[in-house]
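With mmCIF, C-alpha atoms inside, this is coords.cif:
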data_data
#
loop_
_atom_site.label_atom_id
_atom_site.label_comp_id
_atom_site.auth_asym_id
_atom_site.auth_seq_id
_atom_site.Cartn_x
_atom_site.Cartn_y
_atom_site.Cartn_z
CA MET A 27 -39.48 -8.99 -5.78
CA ARG A 28 -42.48 -7.26 -4.31
CA ARG A 29 -40.35 -5.49 -1.77
CA GLU A 30 -37.97 -4.32 -4.41
CA SER A 31 -40.72 -2.88 -6.57
CA LEU A 32 -42.18 -1.06 -3.58
CA TRP A 33 -38.77 0.39 -2.88
CA ASP A 34 -38.40 1.46 -6.50
CA ASP A 35 -41.87 2.97 -6.50
CA TRP A 36 -40.97 4.93 -3.48
CA LEU A 37 -37.70 6.14 -4.95
CA LYS A 38 -39.47 7.23 -8.12
CA ARG A 39 -41.26 9.99 -6.28
CA SER A 40 -39.04 13.01 -5.88
CA VAL A 41 -39.92 14.13 -2.33
CA PRO A 42 -39.21 10.81 -0.56
CA ARG A 43 -36.08 10.48 -2.65
CA LEU A 44 -34.87 13.88 -1.54
CA MET A 45 -35.62 13.10 2.09
CA LEU A 46 -33.84 9.78 1.92
CA ASN A 47 -30.85 11.34 0.22
CA CYS A 48 -30.64 14.02 2.90
CA ALA A 49 -30.90 11.41 5.63
CA VAL A 50 -28.10 9.35 4.13
CA THR A 51 -25.88 12.39 3.61
CA VAL A 52 -26.39 13.84 7.07
CA GLY A 53 -26.24 10.43 8.69
CA SER A 54 -22.90 9.60 7.09
CA ALA A 55 -21.48 12.99 8.04
CA LEU A 56 -22.64 12.51 11.63
CA LEU A 57 -21.12 9.05 11.70
CA CYS A 58 -17.77 10.45 10.55
CA LEU A 59 -17.94 13.17 13.19
CA LEU A 60 -18.75 10.64 15.89
CA LEU A 61 -15.89 8.40 14.81
CA SER A 62 -13.28 11.13 15.14
CA PRO A 63 -12.93 11.32 18.95
CA GLY A 64 -12.71 7.54 19.18
CA ARG A 65 -9.40 5.78 18.92
CA ILE A 66 -10.38 2.33 17.81
CA PRO A 67 -7.69 -0.26 18.59
CA GLY A 68 -5.96 -1.41 15.45
CA MET A 69 -7.00 1.74 13.64
CA GLN A 70 -4.30 4.04 14.95
CA LEU A 71 -0.65 4.70 14.29
CA ALA A 72 1.28 6.08 17.28
CA GLY A 73 -1.89 7.50 18.80
CA VAL A 74 -3.03 9.11 15.56
CA GLY A 75 -6.22 7.86 13.93
CA PRO A 76 -7.73 8.44 10.49
CA ASN A 77 -9.14 11.90 9.80
CA TRP A 78 -12.74 10.79 9.22
CA ILE A 79 -14.03 14.31 8.69
CA LEU A 80 -11.58 14.92 5.88
CA ILE A 81 -12.47 11.58 4.31
CA TRP A 82 -16.12 12.60 4.25
CA VAL A 83 -15.38 16.04 2.78
CA VAL A 84 -13.29 14.47 0.01
CA ALA A 85 -15.97 11.85 -0.69
CA TRP A 86 -18.53 14.63 -0.99
CA SER A 87 -16.39 16.86 -3.18
CA ILE A 88 -15.24 14.27 -5.71
CA ARG A 89 -18.24 14.72 -8.03
CA ARG A 90 -19.46 18.15 -7.09
CA SER A 91 -19.02 21.79 -7.94
CA THR A 92 -16.43 23.99 -6.26
CA LEU A 93 -19.05 25.91 -4.35
CA GLN A 94 -20.73 22.78 -2.98
CA ALA A 95 -17.35 21.45 -1.91
CA ALA A 96 -16.41 24.69 -0.21
CA ILE A 97 -19.68 24.82 1.70
CA ALA A 98 -19.32 21.22 2.85
CA GLY A 99 -15.74 21.86 3.99
CA PHE A 100 -16.82 24.96 5.84
CA VAL A 101 -19.72 23.23 7.61
CA MET A 102 -17.64 20.28 8.69
CA GLY A 103 -14.84 22.64 9.76
CA LEU A 104 -17.26 24.53 11.97
CA VAL A 105 -18.49 21.36 13.63
CA GLN A 106 -14.93 20.16 14.19
CA ASP A 107 -14.04 23.54 15.68
CA GLY A 108 -16.86 23.00 18.11
CA MET A 109 -15.54 19.58 18.98
CA THR A 110 -11.99 20.79 19.65
CA SER A 111 -11.14 24.46 19.80
CA PRO A 112 -12.00 27.35 17.47
CA THR A 113 -8.46 28.74 17.21
CA PRO A 114 -6.89 27.88 14.86
CA THR A 115 -9.96 27.04 12.81
CA HIS A 116 -10.39 23.83 10.84
CA CYS A 117 -12.62 25.57 8.28
CA ILE A 118 -9.76 26.91 6.15
CA GLY A 119 -8.05 23.56 5.79
CA LEU A 120 -11.24 21.65 4.99
CA VAL A 121 -12.47 24.30 2.53
CA VAL A 122 -9.13 24.19 0.73
CA ALA A 123 -9.25 20.39 0.67
CA GLY A 124 -12.83 20.38 -0.67
CA VAL A 125 -12.15 22.98 -3.35
CA LEU A 126 -8.96 21.29 -4.51
CA THR A 127 -10.75 17.95 -4.73
CA ALA A 128 -13.60 19.47 -6.74
CA ARG A 129 -11.23 21.29 -9.10
CA LEU A 130 -9.07 18.25 -9.71
CA ARG A 131 -9.27 16.98 -13.30
CA LYS A 132 -10.02 13.46 -12.17
CA ASP A 133 -11.28 12.24 -15.53
CA ARG A 134 -7.91 13.11 -17.01
CA TYR A 135 -5.41 12.00 -14.39
CA ILE A 136 -7.03 9.30 -12.32
CA GLN A 137 -9.34 6.64 -13.69
CA GLU A 138 -10.00 4.08 -11.01
CA ASP A 139 -12.61 5.30 -8.51
CA PHE A 140 -11.43 3.16 -5.63
CA ILE A 141 -7.81 4.21 -5.81
CA SER A 142 -8.50 7.83 -6.65
CA ALA A 143 -10.38 8.48 -3.42
CA ALA A 144 -7.50 7.05 -1.40
CA LEU A 145 -4.91 9.04 -3.33
CA ILE A 146 -6.80 12.32 -3.04
CA VAL A 147 -7.36 11.78 0.69
CA PHE A 148 -3.63 11.14 1.16
CA VAL A 149 -2.69 14.45 -0.43
CA MET A 150 -5.52 16.37 1.22
CA ALA A 151 -4.60 15.09 4.70
CA ILE A 152 -1.17 16.61 4.24
CA VAL A 153 -2.73 19.84 2.94
CA VAL A 154 -5.10 20.10 5.92
CA GLU A 155 -2.37 19.53 8.50
CA THR A 156 -0.10 22.01 6.74
CA VAL A 157 -2.82 24.67 6.82
CA THR A 158 -3.21 24.12 10.57
CA ALA A 159 0.55 24.27 11.10
CA VAL A 160 0.76 27.54 9.15
CA GLN A 161 -2.00 28.99 11.31
CA TYR A 162 -0.11 27.97 14.44
CA SER A 163 3.07 29.54 13.07
CA LEU A 164 1.23 32.80 12.38
CA GLN A 165 -0.22 32.80 15.90
CA GLY A 166 3.32 32.71 17.21
CA ASN A 167 2.75 31.46 20.74
CA ARG A 168 4.56 28.17 20.19
CA PRO A 169 8.14 27.53 19.09
CA LEU A 170 8.30 27.10 15.32
CA GLY A 171 10.56 24.06 15.47
CA GLU A 172 8.11 22.24 17.71
CA ILE A 173 5.16 22.99 15.44
CA TRP A 174 6.81 21.74 12.28
CA THR A 175 8.32 18.62 13.82
CA TYR A 176 4.90 17.72 15.15
CA HIS A 177 3.36 18.59 11.78
CA GLN A 178 5.57 16.06 10.00
CA PHE A 179 4.56 13.37 12.44
CA ILE A 180 0.82 14.06 12.26
CA ALA A 181 0.67 14.76 8.55
CA LEU A 182 2.32 11.50 7.62
CA SER A 183 0.48 9.17 10.00
CA SER A 184 -2.86 10.81 9.38
CA ALA A 185 -2.35 10.73 5.61
CA ILE A 186 -1.45 7.05 5.60
CA LEU A 187 -4.33 6.00 7.84
CA SER A 188 -6.92 8.25 6.24
CA SER A 189 -6.09 7.08 2.75
CA LEU A 190 -6.31 3.46 3.86
CA TRP A 191 -9.77 3.94 5.35
CA ALA A 192 -11.04 6.38 2.73
CA PRO A 193 -12.70 3.83 0.39
CA ILE A 194 -14.88 2.51 3.23
CA VAL A 195 -16.65 5.90 3.37
CA SER A 196 -16.30 7.27 -0.11
CA PHE A 197 -17.14 4.18 -2.15
CA PRO A 198 -20.66 3.45 -0.80
CA LEU A 199 -21.47 7.14 -0.54
CA ASN A 200 -20.48 7.85 -4.11
CA GLN A 201 -22.42 4.81 -5.33
CA TRP A 202 -25.48 6.10 -3.50
CA TRP A 203 -25.12 9.62 -4.81
CA GLN A 204 -24.63 8.38 -8.36
CA ARG A 205 -27.77 6.27 -8.12
CA ILE A 206 -29.78 9.19 -6.77
CA ASN A 207 -28.41 11.40 -9.52
CA PHE A 208 -29.43 8.86 -12.12
CA LEU A 209 -32.94 8.59 -10.68
CA ASP A 210 -33.18 12.36 -10.49
CA GLN A 211 -32.51 12.64 -14.19
CA LYS A 212 -34.80 9.75 -15.07
CA TYR A 213 -37.85 10.84 -13.12
CA GLN A 214 -37.65 14.60 -13.30
CA MET B 21 16.12 -54.61 -14.73
CA PHE B 22 19.68 -55.07 -13.70
CA THR B 23 20.48 -51.39 -14.11
CA LEU B 24 17.46 -50.45 -12.01
CA ARG B 25 18.59 -52.78 -9.25
CA ARG B 26 22.05 -51.31 -9.29
CA TRP B 27 20.65 -47.77 -9.17
CA TRP B 28 18.49 -48.69 -6.16
CA ASP B 29 21.43 -50.29 -4.31
CA ARG B 30 23.46 -47.20 -4.87
CA TYR B 31 20.92 -44.52 -3.91
CA ARG B 32 18.80 -46.44 -1.36
CA LEU B 33 20.05 -44.56 1.66
CA GLN B 34 19.71 -41.14 0.10
CA ILE B 35 16.20 -41.88 -1.08
CA VAL B 36 15.05 -43.18 2.29
CA LEU B 37 16.58 -40.22 4.11
CA ALA B 38 15.15 -37.72 1.71
CA SER B 39 11.66 -39.17 2.01
CA LEU B 40 11.96 -39.22 5.78
CA ALA B 41 12.97 -35.58 5.78
CA LEU B 42 10.10 -34.69 3.48
CA VAL B 43 7.56 -36.58 5.55
CA SER B 44 8.72 -35.07 8.80
CA ALA B 45 8.78 -31.60 7.26
CA VAL B 46 5.20 -32.07 6.09
CA ALA B 47 4.25 -33.36 9.52
CA LEU B 48 5.84 -30.36 11.18
CA ARG B 49 4.10 -28.05 8.82
CA GLU B 50 0.76 -29.70 9.47
CA THR B 51 1.22 -29.47 13.24
CA ASN B 52 2.45 -25.87 12.99
CA SER B 53 5.87 -26.84 14.35
CA ALA B 54 4.42 -27.56 17.76
CA ILE B 55 7.29 -29.84 18.68
CA LEU B 56 9.83 -27.18 17.81
CA TYR B 57 8.15 -24.62 20.05
CA GLU B 58 7.84 -27.12 22.89
CA THR B 59 11.53 -27.87 22.61
CA TYR B 60 12.35 -24.20 22.47
CA GLN B 61 10.34 -23.62 25.60
CA VAL B 62 12.11 -26.42 27.48
CA LEU B 63 15.53 -25.24 26.34
CA THR B 64 14.97 -21.61 27.33
CA ARG B 65 13.41 -22.42 30.69
CA PRO B 66 16.57 -21.58 32.69
CA PHE B 67 16.59 -18.08 31.17
CA GLN B 68 12.94 -17.28 31.79
CA SER B 69 12.17 -14.97 34.69
CA SER B 70 9.44 -16.16 36.97
CA GLY B 71 6.74 -13.53 37.00
CA GLU B 72 5.52 -14.49 40.44
CA GLN B 73 8.72 -13.49 42.18
CA ASP B 74 8.76 -10.11 40.46
CA ALA B 75 5.15 -9.48 41.40
CA LEU B 76 5.79 -10.39 45.03
CA LEU B 77 8.78 -8.05 45.23
CA THR B 78 6.85 -5.20 43.61
CA ASN B 79 3.92 -5.71 45.92
CA ALA B 80 6.15 -5.62 48.97
CA ARG B 81 7.78 -2.44 47.75
CA VAL B 82 4.43 -0.80 46.99
CA GLN B 83 3.15 -1.72 50.44
CA GLU B 84 6.23 -0.30 52.11
CA LEU B 85 5.86 2.96 50.19
CA GLN B 86 2.15 3.17 50.99
CA GLN B 87 2.83 2.75 54.68
CA ARG B 88 5.54 5.37 54.64
CA LEU B 89 3.27 7.75 52.75
CA LEU B 90 0.49 7.22 55.28
CA GLU B 91 2.90 7.92 58.11
CA LEU B 92 4.19 11.09 56.46
CA GLU B 93 0.68 12.28 55.64
CA SER B 94 -0.45 11.93 59.21
CA GLN B 95 2.68 13.68 60.46
CA ASN B 96 2.05 16.43 57.96
CA GLN B 97 -1.54 16.80 59.16
CA GLN B 98 -0.36 17.06 62.77
CA LEU B 99 2.27 19.65 61.96
CA LYS B 100 -0.21 21.67 59.94
CA ALA B 101 -2.69 21.50 62.81
CA THR B 102 0.03 22.69 65.20
CA LEU B 103 0.85 25.57 62.91
CA GLY B 104 -2.81 26.42 62.54
CA ALA B 105 -2.72 26.23 58.78
CA ALA B 106 -6.07 26.05 57.07
CA SER B 107 -6.41 22.47 56.01
CA THR B 108 -8.30 21.56 52.89
CA PRO B 109 -10.49 18.56 53.60
CA SER B 110 -9.92 15.97 50.93
CA GLN B 111 -13.14 14.99 49.23
CA PRO B 112 -13.67 11.82 47.32
CA GLY B 113 -13.56 12.58 43.61
CA ILE B 114 -15.94 11.52 40.88
CA THR B 115 -14.74 8.50 38.96
CA ALA B 116 -15.29 8.93 35.25
CA PRO B 117 -14.59 6.63 32.29
CA VAL B 118 -12.55 7.94 29.37
CA ILE B 119 -14.76 7.54 26.32
CA GLY B 120 -12.77 9.37 23.70
CA ARG B 121 -9.89 11.55 22.68
CA SER B 122 -9.61 14.83 20.85
CA ALA B 123 -11.38 15.01 17.48
CA ASP B 124 -8.18 16.33 15.95
CA HIS B 125 -4.54 15.49 16.43
CA TRP B 126 -3.33 18.99 17.23
CA TRP B 127 -5.11 18.98 20.56
CA GLN B 128 -4.61 16.67 23.48
CA HIS B 129 -8.03 16.19 24.99
CA LEU B 130 -9.89 13.45 26.80
CA VAL B 131 -13.63 12.97 26.61
CA LEU B 132 -15.11 11.70 29.86
CA GLY B 133 -18.41 9.87 30.23
CA ARG B 134 -19.59 11.98 33.19
CA GLY B 135 -20.86 15.55 33.14
CA GLN B 136 -22.82 18.23 34.86
CA GLN B 137 -25.46 15.73 36.00
CA ASP B 138 -22.80 13.91 37.97
CA GLY B 139 -21.42 17.04 39.61
CA ILE B 140 -18.50 17.82 37.30
CA ARG B 141 -17.90 21.52 36.68
CA LYS B 142 -15.56 23.54 34.51
CA SER B 143 -11.95 23.88 35.80
CA ASP B 144 -12.18 20.81 38.02
CA ILE B 145 -8.93 18.88 38.33
CA VAL B 146 -8.55 15.50 36.66
CA MET B 147 -6.35 12.92 38.38
CA ALA B 148 -5.26 9.46 37.28
CA PRO B 149 -3.18 6.77 38.95
CA GLY B 150 0.21 8.49 39.03
CA GLY B 151 -0.83 12.11 39.31
CA VAL B 152 -2.54 15.02 37.61
CA VAL B 153 -3.46 14.65 33.96
CA GLY B 154 -5.34 17.87 33.27
CA ARG B 155 -8.41 19.95 33.97
CA ILE B 156 -11.97 20.16 32.72
CA ILE B 157 -12.51 22.79 30.02
CA GLU B 158 -15.99 21.93 28.77
CA VAL B 159 -18.95 20.23 30.38
CA THR B 160 -22.17 18.97 28.86
CA GLY B 161 -24.97 17.08 30.57
CA HIS B 162 -23.31 13.69 30.55
CA THR B 163 -19.84 14.27 29.11
CA SER B 164 -16.92 16.55 29.81
CA ARG B 165 -13.75 17.49 27.99
CA VAL B 166 -10.32 17.50 29.62
CA LEU B 167 -7.37 19.61 28.50
CA LEU B 168 -4.41 17.36 29.16
CA LEU B 169 -1.13 18.60 30.61
CA SER B 170 0.51 17.28 27.48
CA ASP B 171 -1.41 19.73 25.29
CA PRO B 172 0.91 22.45 23.98
CA ALA B 173 -1.69 25.02 25.02
CA SER B 174 -1.61 24.06 28.67
CA ASN B 175 0.84 25.95 30.86
CA VAL B 176 0.98 24.96 34.51
CA GLY B 177 3.07 26.39 37.34
CA VAL B 178 5.16 23.66 38.95
CA THR B 179 7.89 23.23 41.51
CA ILE B 180 10.72 20.75 42.06
CA SER B 181 9.63 19.14 45.30
CA ARG B 182 13.15 18.56 46.64
CA SER B 183 14.66 22.03 46.14
CA ARG B 184 11.45 24.12 45.74
CA TYR B 185 12.71 25.74 42.53
CA MET B 186 9.80 26.94 40.45
CA GLY B 187 8.92 27.10 36.80
CA TYR B 188 6.14 26.15 34.46
CA VAL B 189 5.52 23.18 32.22
CA ARG B 190 4.50 23.27 28.58
CA GLY B 191 2.94 20.29 26.84
CA GLN B 192 4.81 18.40 24.16
CA ALA B 193 1.94 16.39 22.69
CA SER B 194 3.26 13.14 24.08
CA ASN B 195 3.93 11.65 27.48
CA ARG B 196 6.58 14.32 28.10
CA VAL B 197 6.31 17.94 29.14
CA VAL B 198 9.01 20.62 29.14
CA MET B 199 9.61 22.59 32.32
CA GLU B 200 11.05 26.09 32.05
CA PHE B 201 12.64 27.47 35.20
CA PHE B 202 12.36 31.02 36.48
CA ASP B 203 15.90 30.97 37.91
CA LYS B 204 19.07 30.95 35.87
CA VAL B 205 20.78 28.20 37.89
CA PRO B 206 18.14 25.94 39.43
CA ASP B 207 19.00 23.04 41.69
CA VAL B 208 17.54 20.14 39.75
CA ARG B 209 18.66 16.60 39.11
CA VAL B 210 17.43 13.72 37.00
CA GLY B 211 14.90 11.77 39.05
CA ASP B 212 13.52 14.71 41.04
CA THR B 213 9.76 14.69 41.43
CA VAL B 214 7.73 17.61 40.14
CA THR B 215 4.49 18.84 41.70
CA THR B 216 2.08 21.69 41.01
CA SER B 217 3.31 24.88 42.64
CA SER B 218 1.51 26.93 45.25
CA LEU B 219 1.48 29.84 42.81
CA SER B 220 -0.60 27.90 40.31
CA ARG B 221 -4.05 29.37 39.85
CA LEU B 222 -5.50 26.47 37.91
CA PHE B 223 -4.42 23.58 40.11
CA ALA B 224 -4.29 22.94 43.83
CA PRO B 225 -0.68 22.99 45.11
CA GLY B 226 1.33 19.87 45.77
CA LEU B 227 -0.26 17.49 43.26
CA PRO B 228 2.24 15.07 41.72
CA ILE B 229 2.96 15.55 38.01
CA GLY B 230 6.02 13.55 37.05
CA VAL B 231 9.72 12.92 37.27
CA VAL B 232 12.61 14.88 35.77
CA GLU B 233 14.03 12.89 32.89
CA SER B 234 16.75 15.19 31.55
CA VAL B 235 18.04 18.68 32.28
CA ASP B 236 19.36 21.32 29.89
CA LEU B 237 20.81 24.17 31.96
CA ASN B 238 22.37 25.97 28.99
CA LYS B 239 19.06 26.50 27.23
CA SER B 240 18.28 30.11 26.42
CA PRO B 241 16.35 32.14 27.60
CA ALA B 242 15.66 29.89 30.59
CA PRO B 243 16.99 26.50 31.68
CA GLU B 244 14.73 23.61 30.73
CA ALA B 245 14.04 20.14 32.02
CA THR B 246 12.12 17.35 30.34
CA ILE B 247 9.55 15.78 32.63
CA ALA B 248 8.05 12.35 32.12
CA LEU B 249 4.43 12.43 33.28
CA SER B 250 3.83 9.77 35.91
CA ALA B 251 0.24 9.13 34.81
CA PRO B 252 -0.03 6.92 31.70
CA VAL B 253 -1.73 9.58 29.58
CA SER B 254 -1.75 7.57 26.36
CA PHE B 255 -3.81 4.67 27.66
CA LEU B 256 -6.08 5.99 30.36
CA GLU B 257 -9.39 4.24 30.83
CA TRP B 258 -10.60 5.76 34.09
CA VAL B 259 -9.84 9.06 35.79
CA VAL B 260 -10.91 10.74 39.02
CA VAL B 261 -12.31 14.28 38.82
CA GLN B 262 -11.79 16.45 41.87
CA SER B 263 -13.71 19.68 42.29
CA TYR B 264 -11.60 22.79 42.53
CA ASN B 265 -12.50 26.46 42.71
CA PRO B 266 -9.68 28.52 41.24
CA PRO B 267 -9.04 31.86 42.96
CA GLU B 268 -10.48 34.84 41.11
CA THR B 269 -8.13 36.33 38.58
CA GLN B 270 -8.26 39.62 36.72
CA ASP B 271 -6.43 38.51 33.63
CA SER B 272 -7.58 35.11 32.53
CA THR B 273 -5.60 35.07 29.29
CA SER B 274 -2.11 35.11 30.82
CA PRO B 275 -0.52 31.72 31.34
CA ASP B 276 -0.91 30.07 34.68
CA LEU B 277 2.32 30.50 36.65
#

Structure encoded using structure tokens:
Amino acid sequence: MRRESLWDDWLKRSVPRLMLNCAVTVGSALLCLLLSPGRIPGMQLAGVGPNWILIWVVAWSIRRSTLQAAIAGFVMGLVQDGMTSPTPTHCIGLVVAGVLTARLRKDRYIQEDFISAALIVFVMAIVVETVTAVQYSLQGNRPLGEIWTYHQFIALSSAILSSLWAPIVSFPLNQWWQRINFLDQKYQ
Amino acid sequence: MFTLRRWWDRYRLQIVLASLALVSAVALRETNSAILYETYQVLTRPFQSSGEQDALLTNARVQELQQRLLELESQNQQLKATLGAASTPSQPGITAPVIGRSADHWWQHLVLGRGQQDGIRKSDIVMAPGGVVGRIIEVTGHTSRVLLLSDPASNVGVTISRSRYMGYVRGQASNRVVMEFFDKVPDVRVGDTVTTSSLSRLFAPGLPIGVVESVDLNKSPAPEATIALSAPVSFLEWVVVQSYNPPETQDSTSPDL
């Protein structure tokens, strides 16, 4: 009991709350980035693993404004560019995914939080891979047939896996952000 | 009472058999059908291959090949010495564990757990049991990133070791690469081995890459062959990094031929 009240006391003050929120946000993003080069056994389908970065961007964008979503997508895209190769860039795909997620009328179409995250991630994984494939096609140094055959393969496996693993990231994060939001409004 | 007795006399056998069947089924279920599997194993024993024999045969074959290779290598060294060719002393490479893959599925990278501190530099060659797998494109203090041969962005000049016909390979994002020939009618057959060519600027010549799996001579604009990489790219755990200084080039953006 005593511990809990201390914790609550601490969360009531706005500066520690902000710091803690930042730490959780950045920490989870870092964790997702660190997970992406790993291919954990049992978590991959024909050598393709879940797109953790996309899962994080969608989790972030679900309850945020378009601008916030776009910035998050852009930042994560930049980091992913650094981890792989800057051409073609990941920023466009992730920004599009973030903005679409933020603009989605979730309250109207999708009710259940748990399922909605998975569904959105499924669609966004396909969107992201398509954006990359279009960029490759515009670059024109690879045969078109090859690009789009490979796109089908990646888009489908990545969409399935990412949507399956999406709740593990988005559910706790969204709970946390909702709680912080609530406290923010309560103790202005 | 009399009717019950008559009923029992009539159905006794069926009832006993049915209960026996039920009891044994329950017993089997409880023991996870162990008896069934034991029986299956005994019955299929004549059809099972004994692993030991296979292993012995493979070992003998591997030993024979190793000895022949050693013999050929030493002959090669002698001939080169006679010719006065500049020999490249073979250095022991740096063994590095594979700690990750590309952070995206469009690229075929490996992340190694050794870096600058261990003597790895950019454009070093990465070998695995079976042959070349790629080259280093990025180095940090304790990690390095490998561009695999199977990456669509990697173009490597290669040659068919039997007929010396040349071409270059393009990655296919799997364990296969496509070789495009420079000649219209190359002498190539299924099963030919493919090595890096002496014209390659990114790799030392003569490193094994793979085996020709299928040939398409009618392909336009150039004939193509599909090559199966001999190194198991999809499940590498350790690789050997060998230092290599590529010759200076003026145009670094053109593909390596």

- Task: Compute the chain A side of the contact with chain B at 10 Å, counting only C-alpha atoms, and hand it back as JSON, numbers by chain.
- Result: {"A": [59, 60, 61, 62, 63, 64, 65, 66, 72, 73, 74, 75, 76, 77, 78, 79, 106, 107, 108, 109, 110, 111, 114, 116, 155, 158, 159, 162, 167, 168, 172, 173, 176, 177, 180, 181, 184]}

- Message: Can you tell me which residues surround Leu227 (chain B) at a distance of at most 6 Å, considering all atoms listed in the file, apart from same-chain residues fewer than 2 positions away, and format the answer as a list in words?
- Response: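 Near neighbours after the sequence-gap exclusion: Thr215, Thr216 and Pro225 of chain B.
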
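Remark: residues at most 12 Å from position (-4.6, 5.0, 1.0) in file coordinates are Pro76, Ile81, Phe140, Ile141, Ser142, Ala143, Ala144, Leu145, Ile146, Val147, Phe148, Val149, Met150, Ala151, Leu182, Ser183, Ser184, Ala185, Ile186, Leu187, Ser188, Ser189, Leu190, Trp191, Ala192, Pro193, Ile194 and Ser196 of chain A, using all atoms listed in the file.
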
- Any idea what the distance is between CA of Val101 (chain A) and CA of Leu126 (chain A)?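 Those two atoms sit 16.3 Å apart.
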
- Task: Can you work out which one of B:Leu237, B:Met186, B:Val152, B:Ala245 has the shortest atom-to-atom distance to Gly211 (chain B), counting only C-alpha atoms?
- Result: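 Nearest candidate to Gly211 (chain B) out of B:Leu237, B:Met186, B:Val152, B:Ala245: B:Ala245.
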
- Query: Expanded to explicit residues, what is the PyMOL selection byres ((chain A and resi 95) around 9) for this file, as a list in words?
  - Reply: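 With the shown file as input, the PyMOL selection byres ((chain A and resi 95) around 9) matches Val83, Val84, Trp86, Ser87, Ile88, Arg90, Ser91, Thr92, Leu93, Gln94, Ala96, Ile97, Ala98, Gly99, Phe100, Val121, Ala123, Gly124, Val125, Leu126, Thr127 and Ala128 of chain A.
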
- Go ahead and compute the interatomic distance for CA of Thr113 (chain A) and CA of Gly177 (chain B), in Å to one decimal. 23.3 Å
